[in-house]
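So the structure is just underneath, and the comments pick up after that.
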Amino acid sequence: MTMITMSSNKSYLEVQEEKESNARSYPRRFPFVIEKAAGMMIHDVDGKEFYDCLSGAGTLALGHNHPVVIEAIEEVLKKQTPLHTLDLATPLKIEFMEEIFSILPKELRNKAKIQFCGPTGADGIEAAIKLVKNATKGKSILAFQGGYHGSTQATMSMSGNLGKKQHLQSLLPDVHFLPFPYEFRCPFGIGGEKTAEISARYIENLLDDCESGIASPCGMIFETVQGEGGAIPANIEWLKEMRRITEERGIPLIIDEVQTGIGRTGEMFSFEHAGIIPDVIVCSKAIGGSLPMSVVIYKEELDQWNAGAHIGTFRGNQLGMATGLATLKYIKENKVLENVKARSRQFFKRLHALKETYDVIGDVRGRGLMIGIEIVNPAARKDALGHYPAYEEMAKTIQERCFSNGLIVEVGGRHSAVMRFLPPLIMTEEQTEAVLAIFEQSIAEAVQMIQANV
């Protein structure tokens with residue numbers, strides 16, 4: 001590649017377009033080049049400022065370059081702590097482990113083991129599946145429609161999204177998809193709270209049916225709030241029922257906390273809203289405090305695999321342990337969970353008001369600062385539940401207008417028609433108001449643009 005002087009978004013993006021893989025995704029929606037970032041603000045090389053409500057897909061719990069994160073990195077470097085240790089012990093690793101155990105529900109913290117994985121959430125999910133297969137000698141995995149667990153062959157096999165796996169061969173066998181309690185688009189065509197009740201009864205009956213076709217499950221896996229699926233929160237009573245159903249039948253319950261964990265929903269772990277204790281918890285993203293980290297936490301009786309059953313060269317990332325430790329301590333010591341709840345109320349109050357104003361907003365949902373706004377087409381025919389169909393073009397236009405107006409917000413869900421907010425957990429009241437003002441402006445502009453082209 002010829003070295004050239006670059007100074008603008010356009011010049012950098014031209015090089016990226018020429019040399020980077022066609023599999024790249026975010027630059028297609030956010031065509032800018034980041035020069036620096038602090039808190040929830042990003043500055044590009046052209047000098048424009050953006051509010052970041054993507055936060056590294058939920059990785060940046062404290063936003064960009066938080067002082068405690070920077071200090072933790074500097075301390076590791078100053079002490080000459082080895083940066084790469086495989087799964088060998090260091091004082092920092094032991095302290096990080098102890099901090100993780102300290103945030104677990106008291107019923108679990110003294111009866112848990114931890115496995116450090118490769119740096120991605122997908123690797124943690126893979127480890128969790130190996131763990132329960134070893135422990136139960138079971139065969140089938142129970143997953144859910146709309147779920148997302150990663151982009152490896154095995155994790156895609158357990159994810160509902162068809163687009164990424166449609167043409168892949170040799171996916172993980174014996175994965176069975178169950179109906180998630182998505183009230184707005186009820187899989188049973190009923191809607192409301194009945195969705196969760198019917199889902200639970202269906203699943204229990206299925207597991208007790210000797211002709212169900214599902215051979216000896218080794219585990220059930222789900223997100224308590226489906227992230228990539230469109231910020232769909234599971235009904236609290238449904239979560240309790242899944243724990244009862246699996247516990248009574250000796251099926252390990254795996255909660256994917258990769259995106260929901262470490263304060264995102266207003267509790268340290270999202271399953272705590274239901275007061276349940278899973279058998280296996282998978283954490284990544286925010287638990288590394290901005291840097292790559294993935295762990296599996298599980299009940300000690302499941303620890304039946306052999307040495308080397310799951311390995312990974314970068315499972316000893318000391319910088320990630322340092323930043324993760326600093327982040328966990330900061331969240332505990334600075335009432336961050338209270339801020340998440342307050343900002344969540346602020347978001348939902350304004351978004352529900354916008355829903356009354358703009359008929360393209362079909363549903364407002366989520367938990368804590370994991371928020372989804374489903375965009376619908378009010379000019380189309382309603383479905384059996386009385387809801388308009390997803391409106392991908394409008395969602396894309398809203399996202400483009402948000403970006404143009406200085407706000408980074410992701411889309412997801414069915415047909416990519418859900419606007420998804422994942423802001424830093426420490427965003428302020430004033431920042432929240434500014435973000436919501438830009439979002440409302442962008443919706444108004446998008447509606448006007450689409451109507452002008454009809």
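For the structure tokens, the naming scheme is as follows: chains receive sequential letters (A, B, ...) according to their order of presentation, residues are indexed from 1 within each chain, and ligands are indexed from 1 in presentation order.
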
Report as a ChimeraX atom specification all protein, DNA and RNA residues lying within 8 Å of Glu393 of chain A, evaluated on only C-alpha atoms, omitting residues in the same chain fewer than 3 positions from it. /A:396-397,417

N, CA and C atoms of the current selection, written as a tab-separated table (two decimals), in the first residue's frame:
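What landed in again28.tsv:
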```tsv
chain	number	residue	atom	x	y	z
A	396	LYS	N	-33.45	2.81	8.92
A	396	LYS	CA	-32.16	3.16	8.32
A	396	LYS	C	-32.03	4.67	8.13
A	397	THR	N	-33.12	5.30	7.71
A	397	THR	CA	-33.10	6.75	7.50
A	397	THR	C	-32.97	7.49	8.83
A	417	ALA	N	-35.04	-3.15	12.07
A	417	ALA	CA	-36.01	-2.06	12.22
A	417	ALA	C	-36.14	-1.57	13.66
```

Write out as an MDAnalysis selection string which residues come within 7 Å of Tyr148 of chain A when counting only C-alpha atoms, dropping same-chain ones fewer than 2 positions away. chainID A and resid 146 150 159:160 228:229

Just-selected residues, C-alpha atoms written as a tab-separated table (two decimals), in the first residue's frame:
```tsv
chain	number	residue	atom	x	y	z
A	146	GLY	CA	-34.29	-14.14	18.20
A	150	GLY	CA	-21.76	-14.81	18.68
A	159	SER	CA	-28.48	-17.84	17.37
A	160	GLY	CA	-31.78	-17.05	15.70
A	228	GLU	CA	-29.08	-8.04	18.63
A	229	GLY	CA	-32.62	-9.46	18.50
```

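Using only C-alpha atoms, the protein and nucleic acid residues lying no more than 9 Å from Glu204 of chain A, apart from those fewer than 6 places from it along its own chain, are Met242, Ile245 and Thr246 of chain A.
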
Dump as a Markdown table the rows for residues of segment 349-428 of chain A within 7 Å of segment 442-449 of chain A: closest atom pair and distance in Å with one decimal, only C-alpha atoms counted, ordered by chain and rising residue number.
```
| residue | atom | partner | partner_atom | distance |
| --- | --- | --- | --- | --- |
| A:Met394 | CA | A:Ala446 | CA | 6.8 |
| A:Thr397 | CA | A:Ala446 | CA | 5.6 |
| A:Ile398 | CA | A:Ala446 | CA | 5.3 |
| A:Arg401 | CA | A:Ser442 | CA | 5.1 |
| A:Cys402 | CA | A:Ser442 | CA | 5.3 |
```

I'd like the contact shell of Ser140 of chain A - 6 Å cut-off, only C-alpha atoms, skipping same-chain residues fewer than 3 positions apart - returned as a ChimeraX atom specification. /A:174-175,215,217-218

Exercise: Gly189 of chain A partners within 7 Å, only C-alpha atoms, chain neighbours under 3 positions left out, as an MDAnalysis selection string: chainID A and resid 186 384:385

Filtering to N, CA and C atoms, could you give me those residues as a short mmCIF file (atom, residue, chain, number, x, y, z; two decimals), in the first residue's frame?
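Now in result.cif:
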```cif
data_model
loop_
_atom_site.label_atom_id
_atom_site.label_comp_id
_atom_site.auth_asym_id
_atom_site.auth_seq_id
_atom_site.Cartn_x
_atom_site.Cartn_y
_atom_site.Cartn_z
N CYS A 186 -45.67 -11.54 19.08
CA CYS A 186 -45.87 -12.80 19.80
C CYS A 186 -45.76 -14.00 18.86
N ALA A 384 -52.17 -9.72 12.86
CA ALA A 384 -53.27 -10.24 13.67
C ALA A 384 -53.31 -9.63 15.07
N LEU A 385 -52.16 -9.12 15.53
CA LEU A 385 -52.11 -8.50 16.86
C LEU A 385 -52.43 -7.02 16.82
#
```

Ranking A:Ile251, A:Leu206, A:Ile262, A:Met41 by minimum distance to Val340 of chain A and counting only C-alpha atoms, which one comes first?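 Nearest candidate to Val340 of chain A out of A:Ile251, A:Leu206, A:Ile262, A:Met41: A:Ile262.
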
For the structure I just gave you, how does DSSP split segment 121-296 of chain A - specifically, which residues are alpha helix (DSSP H)? Reply as a ChimeraX atom specification. /A:121-136,153-157,194-208,236-248

Can you pull out every residue within 12 Å of Ser170 of chain A, counting only C-alpha atoms, but drop anything in the same chain fewer than 5 positions away, and send it as a list in words?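 Here the answer would be Thr152, Gln153, Ala154, Met156, Ser157 and Lys165 of chain A.
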